[in-house]
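Pasted below: model_3.json, JSON, C-alpha atoms.
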[["chain", "number", "residue", "atom", "x", "y", "z"],
["A", 9, "MET", "CA", 18.79, 6.44, 22.71],
["A", 10, "THR", "CA", 21.49, 7.76, 20.44],
["A", 11, "PHE", "CA", 21.30, 9.57, 17.12],
["A", 12, "ASP", "CA", 24.36, 9.64, 14.89],
["A", 13, "GLU", "CA", 23.50, 12.59, 12.66],
["A", 14, "PRO", "CA", 23.04, 16.23, 13.68],
["A", 15, "MET", "CA", 19.37, 17.18, 13.90],
["A", 16, "SER", "CA", 17.53, 20.38, 13.13],
["A", 17, "TRP", "CA", 16.10, 22.03, 16.21],
["A", 18, "SER", "CA", 12.66, 22.48, 14.63],
["A", 19, "THR", "CA", 12.40, 18.77, 13.82],
["A", 20, "VAL", "CA", 13.53, 17.50, 17.20],
["A", 21, "ALA", "CA", 11.28, 20.04, 18.96],
["A", 22, "ALA", "CA", 8.31, 18.84, 16.89],
["A", 23, "ALA", "CA", 9.05, 15.20, 17.80],
["A", 24, "PHE", "CA", 9.23, 16.05, 21.51],
["A", 25, "ASP", "CA", 6.04, 18.09, 21.19],
["A", 26, "ALA", "CA", 4.25, 15.09, 19.68],
["A", 27, "LEU", "CA", 5.43, 12.82, 22.50],
["A", 28, "VAL", "CA", 4.35, 15.31, 25.15],
["A", 29, "THR", "CA", 0.99, 15.92, 23.50],
["A", 30, "TYR", "CA", 0.05, 12.26, 23.28],
["A", 31, "ARG", "CA", 1.94, 10.67, 26.16],
["A", 32, "GLY", "CA", 2.96, 13.53, 28.48],
["A", 33, "PRO", "CA", 1.78, 11.96, 31.76],
["A", 34, "ASP", "CA", 3.76, 8.82, 30.90],
["A", 35, "LEU", "CA", 6.99, 10.70, 30.19],
["A", 36, "LEU", "CA", 8.25, 10.63, 33.75],
["A", 37, "ARG", "CA", 11.65, 12.13, 32.98],
["A", 38, "MET", "CA", 13.77, 12.97, 29.95],
["A", 39, "LYS", "CA", 17.35, 14.26, 29.69],
["A", 40, "GLY", "CA", 19.63, 14.63, 26.74],
["A", 41, "ILE", "CA", 22.53, 16.25, 24.98],
["A", 42, "LEU", "CA", 21.91, 17.04, 21.31],
["A", 43, "ASN", "CA", 24.04, 17.69, 18.28],
["A", 44, "VAL", "CA", 21.91, 20.37, 16.62],
["A", 45, "LYS", "CA", 22.49, 21.55, 13.06],
["A", 46, "ASP", "CA", 23.78, 25.10, 12.63],
["A", 47, "THR", "CA", 25.72, 25.13, 15.91],
["A", 48, "ASP", "CA", 28.98, 23.52, 16.96],
["A", 49, "LYS", "CA", 27.97, 23.52, 20.62],
["A", 50, "PRO", "CA", 25.97, 20.83, 22.42],
["A", 51, "VAL", "CA", 22.39, 21.57, 23.46],
["A", 52, "VAL", "CA", 21.17, 20.13, 26.76],
["A", 53, "ILE", "CA", 17.49, 19.33, 27.25],
["A", 54, "HIS", "CA", 15.46, 18.01, 30.16],
["A", 55, "GLY", "CA", 11.86, 17.70, 31.16],
["A", 56, "VAL", "CA", 9.33, 16.01, 33.40],
["A", 57, "GLN", "CA", 5.96, 14.95, 31.94],
["A", 58, "HIS", "CA", 4.50, 18.06, 30.24],
["A", 59, "VAL", "CA", 7.11, 20.45, 31.61],
["A", 60, "PHE", "CA", 10.20, 20.99, 29.48],
["A", 61, "HIS", "CA", 12.83, 23.40, 30.65],
["A", 62, "PRO", "CA", 14.34, 25.77, 28.08],
["A", 63, "PRO", "CA", 17.26, 24.17, 26.25],
["A", 64, "ALA", "CA", 20.72, 25.22, 27.38],
["A", 65, "THR", "CA", 23.77, 25.49, 25.15],
["A", 66, "LEU", "CA", 27.08, 24.35, 26.60],
["A", 67, "ASP", "CA", 30.31, 26.14, 25.75],
["A", 68, "ALA", "CA", 31.85, 23.10, 24.04],
["A", 69, "TRP", "CA", 31.61, 19.35, 23.57],
["A", 70, "PRO", "CA", 33.65, 17.33, 26.05],
["A", 71, "GLU", "CA", 37.17, 16.50, 24.83],
["A", 72, "GLY", "CA", 37.11, 13.44, 22.59],
["A", 73, "ASP", "CA", 33.31, 13.23, 22.42],
["A", 74, "ASP", "CA", 31.85, 11.64, 19.28],
["A", 75, "ARG", "CA", 29.14, 14.34, 19.10],
["A", 76, "LYS", "CA", 26.28, 11.89, 18.92],
["A", 77, "SER", "CA", 22.98, 13.03, 20.35],
["A", 78, "ARG", "CA", 21.98, 11.07, 23.44],
["A", 79, "VAL", "CA", 18.59, 11.11, 25.13],
["A", 80, "VAL", "CA", 17.46, 9.12, 28.16],
["A", 81, "PHE", "CA", 13.76, 8.57, 28.79],
["A", 82, "ILE", "CA", 12.16, 7.27, 31.97],
["A", 83, "THR", "CA", 8.62, 6.35, 31.02],
["A", 84, "ARG", "CA", 5.54, 4.51, 32.16],
["A", 85, "ASP", "CA", 4.20, 2.03, 29.60],
["A", 86, "ILE", "CA", 5.89, 3.55, 26.56],
["A", 87, "ALA", "CA", 8.03, 1.11, 24.61],
["A", 88, "GLU", "CA", 11.40, 2.31, 23.37],
["A", 89, "SER", "CA", 10.31, 1.27, 19.88],
["A", 90, "THR", "CA", 7.39, 3.73, 20.09],
["A", 91, "ILE", "CA", 9.71, 6.62, 20.91],
["A", 92, "ARG", "CA", 12.09, 5.59, 18.14],
["A", 93, "LYS", "CA", 9.20, 5.47, 15.64],
["A", 94, "VAL", "CA", 8.06, 8.98, 16.60],
["A", 95, "PHE", "CA", 11.54, 10.42, 16.08],
["A", 96, "ALA", "CA", 12.07, 8.42, 12.87],
["A", 97, "SER", "CA", 8.82, 9.73, 11.39],
["A", 98, "PHE", "CA", 9.83, 13.35, 12.01],
["A", 99, "PHE", "CA", 13.39, 12.83, 10.73],
["A", 100, "ASP", "CA", 12.04, 11.07, 7.61],
["A", 101, "ALA", "CA", 9.60, 13.91, 7.01],
["A", 102, "GLU", "CA", 12.43, 16.43, 7.27],
["A", 103, "LYS", "CA", 14.50, 14.49, 4.73],
["A", 104, "LYS", "CA", 11.53, 14.61, 2.34],
["A", 105, "GLY", "CA", 11.31, 18.38, 2.80],
["A", 106, "TRP", "CA", 8.04, 18.42, 4.73],
["A", 107, "GLY", "CA", 7.67, 21.47, 6.91],
["A", 108, "GLN", "CA", 10.19, 23.40, 4.82],
["A", 109, "PRO", "CA", 9.22, 26.51, 2.88],
["A", 110, "ASP", "CA", 8.17, 25.71, -0.68],
["A", 111, "GLU", "CA", 10.69, 27.57, -2.80],
["A", 112, "LYS", "CA", 8.86, 26.76, -6.03],
["A", 113, "LYS", "CA", 5.72, 28.72, -5.26],
["A", 114, "PRO", "CA", 4.52, 30.86, -8.17]]
File written out as structure tokens:
Amino acid sequence: MTFDEPMSWSTVAAAFDALVTYRGPDLLRMKGILNVKDTDKPVVIHGVQHVFHPPATLDAWPEGDDRKSRVVFITRDIAESTIRKVFASFFDAEKKGWGQPDEKKP
């Protein structure tokens, strides 16, 4: 899967957390390189089922890279469309401001 826009770490972490919570045993393997907001360096992620290793930041993007986020999932009985819907719901919520501090509090 690819994502064209940079993503906030909190949003992508919440999406992965949701996948792991509900379908962890069926997430056989996951690897990716992410374009995360607020950093110009790529973030590498990988995990197996419920175990996610700490993200690692690379020194720089490869020369000529388009800086799209790319994630590969090896799953058991999880449709790609399901994974896309999970990520889309979290990205849509972020765009609507959900999960952000309410600056208009009295």
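Distance annotation: of A:Lys103, A:His58, A:Ala96, A:Arg75, the residue with the minimal separation from Tyr30 of chain A is A:His58; atom set is all atoms listed in the file.
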With 8 Å added on each side, what axis-aligned box encloses every listed atom of segment 22-29 of chain A? Give the centre and edge lengths in Å to one decimal, as lines of an AutoDock Vina configuration file.
center_x = 5.1
center_y = 15.8
center_z = 21.0
size_x = 24.2
size_y = 22.0
size_z = 24.3
How would you write as a PDB file with C-alpha atoms, in the coordinates of the input the residues that get within 6 Å of (24.3, 22.1, 22.8) in the file's frame, counting all atoms listed in the file?
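Written out: part17.pdb:
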ATOM      1  CA  LEU A  42      21.910  17.040  21.310  1.00  0.00           C
ATOM      2  CA  LYS A  49      27.970  23.520  20.620  1.00  0.00           C
ATOM      3  CA  PRO A  50      25.970  20.830  22.420  1.00  0.00           C
ATOM      4  CA  VAL A  51      22.390  21.570  23.460  1.00  0.00           C
ATOM      5  CA  VAL A  52      21.170  20.130  26.760  1.00  0.00           C
ATOM      6  CA  THR A  65      23.770  25.490  25.150  1.00  0.00           C
ATOM      7  CA  LEU A  66      27.080  24.350  26.600  1.00  0.00           C
TER       8      LEU A  66
END
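Within a radius of 10 Å around (30.6, 20.1, 15.9), the polymer residues are Pro14, Asn43, Val44, Lys45, Asp46, Thr47, Asp48, Lys49, Pro50, Ala68, Trp69, Asp73, Asp74, Arg75 and Lys76 of chain A, counting all atoms listed in the file.
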query: Which residue, A:Asp34, A:His54, A:Phe81, A:Phe60, has the smallest gap to Thr10 of chain A when you use only C-alpha atoms?
result: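 Result for the nearest residue to Thr10 of chain A: A:Phe81.
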I'd like the contact shell of Ile86 of chain A - 9 Å cut-off, all atoms listed in the file, skipping same-chain residues fewer than 2 positions apart - returned as a PDB file with C-alpha atoms, in the coordinates of the input.
ATOM      1  CA  ARG A  31       1.940  10.670  26.160  1.00  0.00           C
ATOM      2  CA  ASP A  34       3.760   8.820  30.900  1.00  0.00           C
ATOM      3  CA  LEU A  35       6.990  10.700  30.190  1.00  0.00           C
ATOM      4  CA  THR A  83       8.620   6.350  31.020  1.00  0.00           C
ATOM      5  CA  ARG A  84       5.540   4.510  32.160  1.00  0.00           C
ATOM      6  CA  GLU A  88      11.400   2.310  23.370  1.00  0.00           C
ATOM      7  CA  SER A  89      10.310   1.270  19.880  1.00  0.00           C
ATOM      8  CA  THR A  90       7.390   3.730  20.090  1.00  0.00           C
ATOM      9  CA  ILE A  91       9.710   6.620  20.910  1.00  0.00           C
TER      10      ILE A  91
END
query: Suppose you want the space between atom CA of Gly105 of chain A and atom CA of Met9 of chain A; what is it in Å?
result: 24.4 Å
- request: For atom CA of Phe95 of chain A and atom CA of Ala21 of chain A, determine how far apart the two atoms are, in Å to one decimal place.
  value: 10.0 Å
- prompt: With only C-alpha atoms as the atoms that count, which of A:Asp67, A:Asp85, A:Ala101, A:Gly55 lies nearest to Asp25 of chain A?
  reply: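 Of A:Asp67, A:Asp85, A:Ala101, A:Gly55, the one nearest Asp25 of chain A is A:Gly55, counting only C-alpha atoms.
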- line: Using only C-alpha atoms, the best pick from A:Arg37, A:Phe11, A:Ala23, A:Glu71 as closest to Val56 of chain A would be A:Arg37
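Interatomic distance, atom CA of Gly40 of chain A to atom CA of Glu102 of chain A: 20.8 Å.
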- request: Can you work out which one of A:Thr29, A:Phe98, A:Trp106, A:Ile53 has the shortest atom-to-atom distance to Arg78 of chain A, counting only C-alpha atoms?
  value: A:Ile53
N, CA and C atoms for segment 37-61 of chain A, written as a CSV table (one decimal), keeping the file's coordinate frame, could you do that?
chain,number,residue,atom,x,y,z
A,37,ARG,N,10.4,11.3,33.0
A,37,ARG,CA,11.6,12.1,33.0
A,37,ARG,C,12.4,12.0,31.6
A,38,MET,N,13.0,13.0,31.2
A,38,MET,CA,13.8,13.0,30.0
A,38,MET,C,15.0,13.9,30.1
A,39,LYS,N,16.1,13.4,29.7
A,39,LYS,CA,17.4,14.3,29.7
A,39,LYS,C,18.1,13.9,28.4
A,40,GLY,N,18.8,14.9,27.9
A,40,GLY,CA,19.6,14.6,26.7
A,40,GLY,C,20.6,15.7,26.4
A,41,ILE,N,21.6,15.3,25.6
A,41,ILE,CA,22.5,16.2,25.0
A,41,ILE,C,22.4,16.0,23.5
A,42,LEU,N,22.2,17.1,22.7
A,42,LEU,CA,21.9,17.0,21.3
A,42,LEU,C,23.0,17.7,20.5
A,43,ASN,N,23.2,17.1,19.3
A,43,ASN,CA,24.0,17.7,18.3
A,43,ASN,C,23.1,18.3,17.3
A,44,VAL,N,22.9,19.6,17.4
A,44,VAL,CA,21.9,20.4,16.6
A,44,VAL,C,22.6,21.0,15.4
A,45,LYS,N,22.0,20.9,14.3
A,45,LYS,CA,22.5,21.6,13.1
A,45,LYS,C,22.6,23.0,13.3
A,46,ASP,N,23.6,23.7,12.6
A,46,ASP,CA,23.8,25.1,12.6
A,46,ASP,C,24.4,25.6,13.9
A,47,THR,N,24.9,24.7,14.8
A,47,THR,CA,25.7,25.1,15.9
A,47,THR,C,26.8,24.1,16.2
A,48,ASP,N,27.9,24.5,16.6
A,48,ASP,CA,29.0,23.5,17.0
A,48,ASP,C,29.0,23.2,18.5
A,49,LYS,N,28.0,23.7,19.2
A,49,LYS,CA,28.0,23.5,20.6
A,49,LYS,C,26.8,22.6,21.0
A,50,PRO,N,27.0,21.8,22.0
A,50,PRO,CA,26.0,20.8,22.4
A,50,PRO,C,24.8,21.6,23.1
A,51,VAL,N,23.6,21.0,22.9
A,51,VAL,CA,22.4,21.6,23.5
A,51,VAL,C,21.9,20.5,24.5
A,52,VAL,N,21.6,21.0,25.7
A,52,VAL,CA,21.2,20.1,26.8
A,52,VAL,C,19.7,20.4,27.0
A,53,ILE,N,18.9,19.3,27.1
A,53,ILE,CA,17.5,19.3,27.2
A,53,ILE,C,17.1,18.5,28.4
A,54,HIS,N,16.0,18.9,29.1
A,54,HIS,CA,15.5,18.0,30.2
A,54,HIS,C,14.0,18.4,30.4
A,55,GLY,N,13.2,17.4,30.9
A,55,GLY,CA,11.9,17.7,31.2
A,55,GLY,C,11.3,16.6,32.0
A,56,VAL,N,10.1,16.9,32.6
A,56,VAL,CA,9.3,16.0,33.4
A,56,VAL,C,7.9,16.1,32.9
A,57,GLN,N,7.3,15.0,32.5
A,57,GLN,CA,6.0,15.0,31.9
A,57,GLN,C,5.7,16.1,30.9
A,58,HIS,N,4.8,17.0,31.2
A,58,HIS,CA,4.5,18.1,30.2
A,58,HIS,C,5.4,19.3,30.4
A,59,VAL,N,6.3,19.3,31.3
A,59,VAL,CA,7.1,20.4,31.6
A,59,VAL,C,8.5,20.2,31.1
A,60,PHE,N,8.9,21.0,30.0
A,60,PHE,CA,10.2,21.0,29.5
A,60,PHE,C,10.9,22.3,29.8
A,61,HIS,N,12.1,22.2,30.3
A,61,HIS,CA,12.8,23.4,30.6
A,61,HIS,C,13.4,23.9,29.4
